[in-house]
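Chemist: Sharing entry_38.cif, mmCIF, C-alpha atoms:
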```cif
data_work
#
loop_
_atom_site.label_atom_id
_atom_site.label_comp_id
_atom_site.auth_asym_id
_atom_site.auth_seq_id
_atom_site.Cartn_x
_atom_site.Cartn_y
_atom_site.Cartn_z
CA MET A 1 9.20 -15.23 -25.24
CA ASP A 2 5.52 -15.34 -24.38
CA SER A 3 4.53 -11.87 -23.20
CA THR A 4 2.16 -13.36 -20.64
CA SER A 5 5.07 -14.83 -18.70
CA SER A 6 5.46 -13.26 -15.32
CA ASN A 7 8.71 -11.70 -14.90
CA LEU A 8 12.65 -11.28 -14.62
CA LEU A 9 15.89 -10.10 -16.14
CA LEU A 10 15.77 -9.82 -19.88
CA PRO A 11 17.11 -6.66 -21.52
CA PRO A 12 14.01 -5.44 -23.39
CA PRO A 13 12.37 -3.17 -22.56
CA PRO A 14 14.93 -1.24 -20.50
CA PHE A 15 13.85 0.98 -17.66
CA GLN A 16 15.53 4.27 -16.78
CA ARG A 17 16.51 4.56 -13.13
CA LYS A 18 16.89 7.87 -11.36
CA ASP A 19 20.62 7.81 -12.06
CA GLY A 20 19.94 7.46 -15.78
CA ALA A 21 21.19 3.87 -16.00
CA GLU A 22 19.15 1.17 -17.67
CA ALA A 23 17.51 -1.24 -15.25
CA PRO A 24 16.49 -4.83 -15.98
CA VAL A 25 12.91 -6.04 -16.14
CA LEU A 26 11.63 -8.82 -13.89
CA TYR A 27 10.84 -12.11 -15.70
CA SER A 28 10.62 -14.79 -13.01
CA SER A 29 9.46 -17.62 -15.26
CA PHE A 30 12.54 -17.05 -17.42
CA LEU A 31 14.92 -16.97 -14.45
CA GLN A 32 13.41 -20.12 -12.98
CA LYS A 33 14.99 -21.96 -15.91
CA GLN A 34 18.45 -20.46 -15.39
CA ALA A 35 21.17 -22.34 -13.53
CA ASN A 36 22.40 -19.27 -11.69
CA LEU A 37 20.57 -16.42 -10.04
CA PRO A 38 21.56 -13.03 -11.48
CA THR A 39 23.90 -11.18 -9.14
CA GLU A 40 21.43 -8.29 -8.85
CA PHE A 41 19.20 -10.57 -6.73
CA ILE A 42 21.84 -12.10 -4.48
CA TRP A 43 21.80 -10.82 -0.90
CA PRO A 44 24.59 -10.83 1.71
CA VAL A 45 24.68 -13.95 3.84
CA GLY A 46 24.01 -11.92 6.98
CA ASP A 47 20.67 -10.73 5.61
CA LEU A 48 19.65 -14.25 4.63
CA ALA A 49 19.81 -15.77 8.10
CA HIS A 50 16.56 -17.69 8.43
CA ASN A 51 15.03 -18.84 11.71
CA GLN A 52 12.13 -21.23 12.15
CA ASP A 53 11.08 -19.77 15.50
CA GLU A 54 7.70 -18.06 15.59
CA LEU A 55 7.26 -14.61 17.05
CA LYS A 56 5.02 -14.62 20.11
CA GLU A 57 3.23 -11.46 19.10
CA PRO A 58 -0.06 -10.62 20.86
CA LEU A 59 -3.27 -11.74 19.18
CA ILE A 60 -5.68 -8.94 20.06
CA ASP A 61 -9.46 -9.42 19.87
CA LEU A 62 -11.07 -6.12 18.80
CA ASP A 63 -14.66 -7.31 19.31
CA GLY A 64 -15.02 -5.71 22.72
CA VAL A 65 -13.21 -2.57 21.59
CA LEU A 66 -15.62 -2.06 18.69
CA LYS A 67 -18.58 -2.65 21.01
CA GLY A 68 -17.40 -0.02 23.50
CA ASP A 69 -16.43 -2.42 26.28
CA GLU A 70 -14.09 -0.36 28.47
CA LEU A 71 -12.41 -3.33 30.17
CA ALA A 72 -11.76 -5.06 26.83
CA THR A 73 -10.42 -1.80 25.42
CA ALA A 74 -8.04 -1.34 28.34
CA ASP A 75 -6.80 -4.92 27.98
CA ALA A 76 -6.28 -4.46 24.24
CA ALA A 77 -4.37 -1.22 24.78
CA GLU A 78 -2.07 -2.93 27.26
CA LEU A 79 -1.34 -5.71 24.75
CA VAL A 80 -0.59 -3.07 22.11
CA ARG A 81 1.81 -1.35 24.47
CA THR A 82 3.57 -4.62 25.31
CA ALA A 83 3.99 -5.45 21.62
CA CYS A 84 5.28 -2.01 20.72
CA LEU A 85 7.86 -1.99 23.48
CA SER A 86 9.10 -5.40 22.33
CA HIS A 87 9.05 -5.42 18.52
CA GLY A 88 6.19 -3.28 17.20
CA PHE A 89 4.10 -6.12 15.74
CA PHE A 90 0.74 -7.60 16.75
CA GLN A 91 -2.23 -9.26 15.09
CA VAL A 92 -5.88 -8.31 15.44
CA THR A 93 -8.97 -10.49 15.09
CA ASN A 94 -12.68 -9.61 15.03
CA HIS A 95 -11.58 -6.42 13.34
CA GLY A 96 -14.83 -5.82 11.48
CA VAL A 97 -13.45 -6.44 7.98
CA ASP A 98 -15.61 -8.92 6.08
CA SER A 99 -13.76 -12.15 5.29
CA GLY A 100 -15.31 -12.16 1.83
CA LEU A 101 -13.76 -8.76 1.12
CA ILE A 102 -10.32 -9.98 2.20
CA ARG A 103 -10.71 -13.07 0.03
CA ALA A 104 -11.79 -10.96 -2.95
CA ALA A 105 -8.79 -8.65 -2.49
CA HIS A 106 -6.44 -11.63 -2.74
CA GLU A 107 -8.26 -13.00 -5.77
CA GLU A 108 -7.87 -9.70 -7.60
CA ILE A 109 -4.10 -9.79 -7.02
CA ASP A 110 -3.88 -12.74 -9.41
CA LYS A 111 -5.72 -10.81 -12.11
CA ILE A 112 -3.24 -7.94 -11.85
CA PHE A 113 -0.01 -9.93 -11.86
CA LYS A 114 -1.15 -12.37 -14.56
CA LEU A 115 -1.57 -9.53 -17.03
CA PRO A 116 0.76 -9.57 -20.07
CA LEU A 117 4.11 -8.06 -19.22
CA ASP A 118 3.75 -5.16 -21.63
CA LYS A 119 0.45 -4.22 -19.96
CA LYS A 120 2.03 -4.26 -16.50
CA LEU A 121 4.98 -2.21 -17.69
CA SER A 122 2.63 0.35 -19.19
CA THR A 123 1.48 1.11 -15.62
CA ARG A 124 4.95 1.05 -14.06
CA ARG A 125 5.72 3.38 -11.23
CA ASN A 126 7.87 6.35 -12.17
CA PRO A 127 10.53 7.75 -9.84
CA GLY A 128 8.85 9.89 -7.20
CA ASP A 129 5.41 8.37 -7.76
CA VAL A 130 3.63 6.06 -5.31
CA SER A 131 1.22 4.45 -7.78
CA GLY A 132 1.81 1.81 -10.42
CA TYR A 133 3.62 -1.43 -11.12
CA SER A 134 7.15 -2.22 -10.01
CA GLY A 135 9.24 -5.29 -10.80
CA ALA A 136 11.88 -5.86 -8.11
CA HIS A 137 12.19 -2.08 -7.55
CA ALA A 138 14.69 -2.14 -10.41
CA HIS A 139 13.76 1.45 -11.23
CA ARG A 140 15.38 2.47 -7.93
CA TYR A 141 18.18 0.02 -7.18
CA SER A 142 20.89 -1.89 -9.06
CA SER A 143 21.80 -4.52 -6.46
CA LYS A 144 20.15 -6.54 -3.67
CA LEU A 145 16.92 -6.49 -5.64
CA PRO A 146 13.89 -8.05 -3.94
CA TRP A 147 12.35 -11.09 -5.62
CA LYS A 148 8.90 -9.59 -5.98
CA GLU A 149 6.60 -7.44 -8.01
CA THR A 150 4.23 -4.86 -6.61
CA PHE A 151 1.24 -2.84 -7.67
CA SER A 152 0.56 0.27 -5.60
CA PHE A 153 -2.02 3.03 -5.52
CA GLY A 154 -2.99 5.88 -3.25
CA TYR A 155 -6.04 6.28 -1.05
CA HIS A 156 -7.16 9.49 0.62
CA GLY A 157 -10.62 8.76 1.98
CA ASP A 158 -11.56 12.41 2.43
CA ASP A 159 -14.90 12.03 0.71
CA GLY A 160 -16.56 8.64 0.35
CA SER A 161 -18.49 9.91 -2.65
CA GLU A 162 -15.27 10.05 -4.70
CA PRO A 163 -14.21 6.50 -5.70
CA LEU A 164 -10.60 7.48 -6.31
CA VAL A 165 -9.33 3.89 -6.32
CA VAL A 166 -11.96 2.83 -8.84
CA ASP A 167 -11.07 5.76 -11.07
CA TYR A 168 -7.38 4.90 -10.88
CA PHE A 169 -7.89 1.28 -11.91
CA LYS A 170 -10.10 2.27 -14.82
CA SER A 171 -7.64 4.90 -15.99
CA VAL A 172 -4.53 2.67 -15.98
CA LEU A 173 -5.92 -0.83 -16.57
CA GLY A 174 -9.16 -0.15 -18.42
CA GLU A 175 -12.89 -0.53 -17.89
CA ASN A 176 -12.53 -4.29 -17.39
CA PHE A 177 -10.87 -3.56 -14.06
CA GLU A 178 -13.70 -1.48 -12.63
CA HIS A 179 -14.75 -4.39 -10.40
CA THR A 180 -11.16 -4.77 -9.18
CA GLY A 181 -11.14 -1.07 -8.38
CA TRP A 182 -14.31 -1.38 -6.33
CA VAL A 183 -12.88 -4.31 -4.37
CA TYR A 184 -9.82 -2.30 -3.40
CA GLN A 185 -11.84 0.88 -2.83
CA ARG A 186 -13.90 -0.97 -0.22
CA TYR A 187 -10.82 -2.70 1.17
CA CYS A 188 -9.08 0.65 1.69
CA GLU A 189 -12.17 2.09 3.37
CA ALA A 190 -12.24 -0.91 5.73
CA MET A 191 -8.52 -0.60 6.48
CA LYS A 192 -8.92 3.10 7.25
CA LYS A 193 -11.55 2.24 9.88
CA VAL A 194 -9.30 -0.37 11.46
CA SER A 195 -6.36 2.07 11.41
CA LEU A 196 -8.29 4.67 13.38
CA VAL A 197 -9.25 2.09 16.01
CA ILE A 198 -5.57 1.12 16.32
CA PHE A 199 -4.61 4.78 16.74
CA GLU A 200 -7.09 5.00 19.61
CA LEU A 201 -5.51 1.98 21.30
CA LEU A 202 -2.05 3.48 20.79
CA ALA A 203 -3.19 6.71 22.43
CA ILE A 204 -4.62 4.86 25.44
CA SER A 205 -1.43 2.81 25.74
CA LEU A 206 0.59 6.04 25.87
CA GLY A 207 -1.64 7.66 28.46
CA VAL A 208 -2.99 10.46 26.28
CA ASP A 209 -6.52 11.31 25.23
CA ARG A 210 -8.07 8.39 23.35
CA LEU A 211 -8.89 10.52 20.31
CA HIS A 212 -5.52 12.31 20.20
CA TYR A 213 -4.03 10.33 17.29
CA ARG A 214 -7.36 9.56 15.66
CA LYS A 215 -7.99 13.28 15.19
CA PHE A 216 -4.45 13.84 14.03
CA PHE A 217 -4.45 11.13 11.37
CA GLU A 218 -8.10 10.88 10.32
CA ASP A 219 -7.63 13.14 7.28
CA GLY A 220 -4.40 11.42 6.28
CA SER A 221 -3.43 9.68 3.08
CA SER A 222 -2.41 6.07 2.56
CA ILE A 223 -0.86 3.70 0.05
CA MET A 224 -2.29 0.31 -0.79
CA ARG A 225 0.26 -2.19 -2.08
CA CYS A 226 -0.33 -5.62 -3.57
CA ASN A 227 2.80 -7.78 -3.33
CA ASN A 228 3.53 -10.91 -5.34
CA TYR A 229 6.51 -13.15 -4.52
CA PRO A 230 7.01 -15.71 -7.32
CA PRO A 231 8.67 -19.08 -6.62
CA CYS A 232 12.46 -18.93 -6.83
CA SER A 233 14.62 -21.98 -7.54
CA ASN A 234 17.50 -20.26 -5.71
CA SER A 235 15.44 -19.01 -2.79
CA SER A 236 18.30 -19.50 -0.32
CA LEU A 237 20.23 -16.68 -2.06
CA THR A 238 17.60 -13.94 -2.23
CA LEU A 239 14.77 -12.24 -0.37
CA GLY A 240 11.27 -11.26 -1.33
CA THR A 241 11.69 -8.08 0.70
CA GLY A 242 14.96 -7.10 2.35
CA PRO A 243 15.34 -6.06 5.99
CA HIS A 244 13.67 -2.68 6.47
CA CYS A 245 11.43 -0.51 8.59
CA ASP A 246 8.30 1.10 7.17
CA PRO A 247 8.60 4.91 6.75
CA THR A 248 4.90 5.25 7.62
CA SER A 249 2.72 5.77 10.65
CA LEU A 250 1.09 2.36 10.59
CA THR A 251 1.02 -0.70 8.32
CA ILE A 252 -1.80 -3.24 8.24
CA LEU A 253 -1.01 -6.40 6.30
CA HIS A 254 -2.86 -9.59 5.42
CA GLN A 255 -0.76 -12.63 4.51
CA ASP A 256 -1.85 -15.58 2.42
CA GLN A 257 -1.25 -19.03 3.86
CA VAL A 258 2.26 -19.35 2.42
CA GLY A 259 3.50 -16.66 4.78
CA GLY A 260 7.15 -15.57 4.70
CA LEU A 261 6.93 -12.49 6.93
CA GLU A 262 9.65 -12.40 9.57
CA VAL A 263 10.52 -9.88 12.28
CA PHE A 264 13.91 -9.20 13.82
CA ALA A 265 13.33 -9.45 17.57
CA ASN A 266 15.54 -10.56 20.44
CA ASN A 267 18.54 -10.59 18.10
CA LYS A 268 17.06 -13.14 15.69
CA TRP A 269 14.57 -13.45 12.87
CA GLN A 270 11.19 -14.83 13.90
CA ALA A 271 8.26 -15.75 11.68
CA ILE A 272 4.77 -14.34 11.96
CA ARG A 273 2.28 -17.15 11.50
CA PRO A 274 -0.31 -16.52 8.77
CA ARG A 275 -3.83 -16.37 10.19
CA PRO A 276 -6.67 -16.06 7.68
CA ASP A 277 -8.90 -14.28 10.19
CA ALA A 278 -6.27 -11.83 11.45
CA LEU A 279 -4.57 -8.66 10.26
CA VAL A 280 -0.89 -8.03 11.02
CA VAL A 281 -0.22 -4.54 12.39
CA ASN A 282 3.14 -2.88 12.77
CA ILE A 283 4.18 0.57 13.89
CA GLY A 284 6.01 2.67 11.30
CA ASP A 285 8.87 5.12 11.63
CA THR A 286 6.65 8.20 11.46
CA PHE A 287 4.69 7.20 14.54
CA THR A 288 7.84 6.06 16.29
CA VAL A 289 9.47 9.46 15.78
CA CYS A 290 6.37 11.48 16.56
CA ARG A 291 6.21 10.15 20.11
CA GLN A 292 10.00 9.99 20.65
CA SER A 293 9.54 6.26 21.02
CA PRO A 294 12.16 3.62 21.86
CA PHE A 295 10.45 1.29 19.36
CA ILE A 296 12.97 -0.18 16.94
CA LEU A 297 11.64 -2.75 14.52
CA MET A 298 12.74 -4.38 11.29
CA TYR A 299 11.22 -7.04 9.11
CA SER A 300 11.66 -8.88 5.83
CA VAL A 301 9.87 -11.39 3.59
CA PHE A 302 11.48 -14.68 2.63
CA THR A 303 10.88 -16.45 -0.69
CA THR A 304 10.19 -20.13 -1.32
CA SER A 305 11.30 -22.46 -4.11
CA SER A 306 7.93 -24.14 -4.65
CA SER A 307 5.12 -21.68 -4.03
CA SER A 308 4.32 -18.10 -4.87
CA CYS A 309 2.95 -16.01 -2.06
CA CYS A 310 1.04 -12.75 -1.87
CA ASN A 311 0.21 -10.21 0.75
CA ILE A 312 -1.72 -6.97 0.84
CA SER A 313 -0.31 -3.97 2.69
CA PHE A 314 -2.23 -0.87 3.72
CA LEU A 315 0.38 1.73 4.62
CA PHE A 316 -1.06 4.62 6.60
CA LEU A 317 1.08 7.66 5.91
CA ASN A 318 0.98 11.02 7.62
CA CYS A 319 -1.84 13.44 8.22
CA LYS A 320 -2.82 15.58 5.24
CA ASN A 321 -2.99 19.15 6.49
CA LYS A 322 -0.87 19.18 9.65
CA THR A 323 2.79 20.07 9.74
CA GLY A 324 3.65 19.50 13.38
CA ILE A 325 3.39 16.59 15.77
CA VAL A 326 3.03 16.78 19.53
CA PHE A 327 6.02 15.13 21.17
CA LEU A 328 5.22 13.14 24.26
CA GLU A 329 7.24 12.30 27.32
CA GLN A 330 8.24 8.65 27.72
#
```
Mind turning this structure into structure tokens?

Modeler:
Amino acid sequence: MDSTSSNLLLPPPPFQRKDGAEAPVLYSSFLQKQANLPTEFIWPVGDLAHNQDELKEPLIDLDGVLKGDELATADAAELVRTACLSHGFFQVTNHGVDSGLIRAAHEEIDKIFKLPLDKKLSTRRNPGDVSGYSGAHAHRYSSKLPWKETFSFGYHGDDGSEPLVVDYFKSVLGENFEHTGWVYQRYCEAMKKVSLVIFELLAISLGVDRLHYRKFFEDGSSIMRCNNYPPCSNSSLTLGTGPHCDPTSLTILHQDQVGGLEVFANNKWQAIRPRPDALVVNIGDTFTVCRQSPFILMYSVFTTSSSSCCNISFLFLNCKNKTGIVFLEQ
């Protein structure tokens, strides 16, 4: 088989899971030609329920917030609060991230996932690590595998003079990926700035000091994850990402125009419309717990039979040097 084919279930080379069992490798172009989807990728019918309704999440304009307009900031904070009490998702526009940078970040995804399979597997994520390549998370699970491949790396942002993302790309993919590293270095820096603005709005919406969460999380670490969802001829049987909640403080995601992101709200799955000028924001479990919040949210990504889709997730984790979180009254 051509080693440049992008991904799913052929025996070589095996991958050792945490339990010591051998896990399959993702070869989607191979599986596209198979009559039946391997059982590892088949999901329960209840998880596959698909709804064409669109979520009516707030579309929040950050222009006034970034310019220091107090009325616009108050309005934005109220929209954030409304979204979080309903489903935890909203989209932001005029966020200050250059559209050219977002476009470049998506273009670099193709370069990563079109690498020869052996090159991708040489960077695969080991159990316990956050960085590297993963095909269907087969290194962790043996059933209900997601129809996707990911490439993840960490970002700390403590010192702008240290291009940690650039260094990582050069170390695992080679000097030819220095430019890719710089694209994602700048993208992470931009996402960090947006994250801190969102934390300010969350603080205002909760009635605490505006800088309360910004100060708490500003020295935190994050994970950047590039997600690729190849076409699947049996897309009605599997999911790109199964139902889950993010175990983070905050996630900021940009979808391509294929979409696929759905949120479970009001007892049904609802799609989030892709908007090229907007970033999708959702509240993670860490933030939910830290404020004893009633927020309960869950989302998934559906696959298609005809088109691949990609998205870029910036997952803001916890603060770096703090061990306690102030619990707030409802």

Chemist: At a cut-off of 7 Å, using only C-alpha atoms, what residues contact A:Phe41? Leave out same-chain residues fewer than 2 positions from it and give the result as number ranges by chain.

Modeler: A: 37-39, 43, 143-147, 238

Chemist: Which residues are close to stretch 98-106 of chain A, i.e. within 12 Å by all atoms listed in the file, leaving aside same-chain residues fewer than 2 positions away? Reply as a PyMOL selection string.

Modeler: chain A and resi 93-96+108-113+179-191+194+224-228+253-257+275-279+309-314

Chemist: Work out how far atom CA of A:Ile272 is from atom CA of A:Leu79, in Å to one decimal.

Modeler: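 So the answer is 16.6 Å.
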
Chemist: Work out how far atom CA of A:Phe264 is from atom CA of A:Cys245, in Å to one decimal.

Modeler: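 Distance reported for this atom pair: 10.4 Å.
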
Chemist: Give me, please, the distance in Å between atom CA of A:Cys84 and atom CA of A:Val97, quoted to one decimal.

Modeler: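 Result for atom CA of A:Cys84 versus atom CA of A:Val97: 23.1 Å, one decimal.
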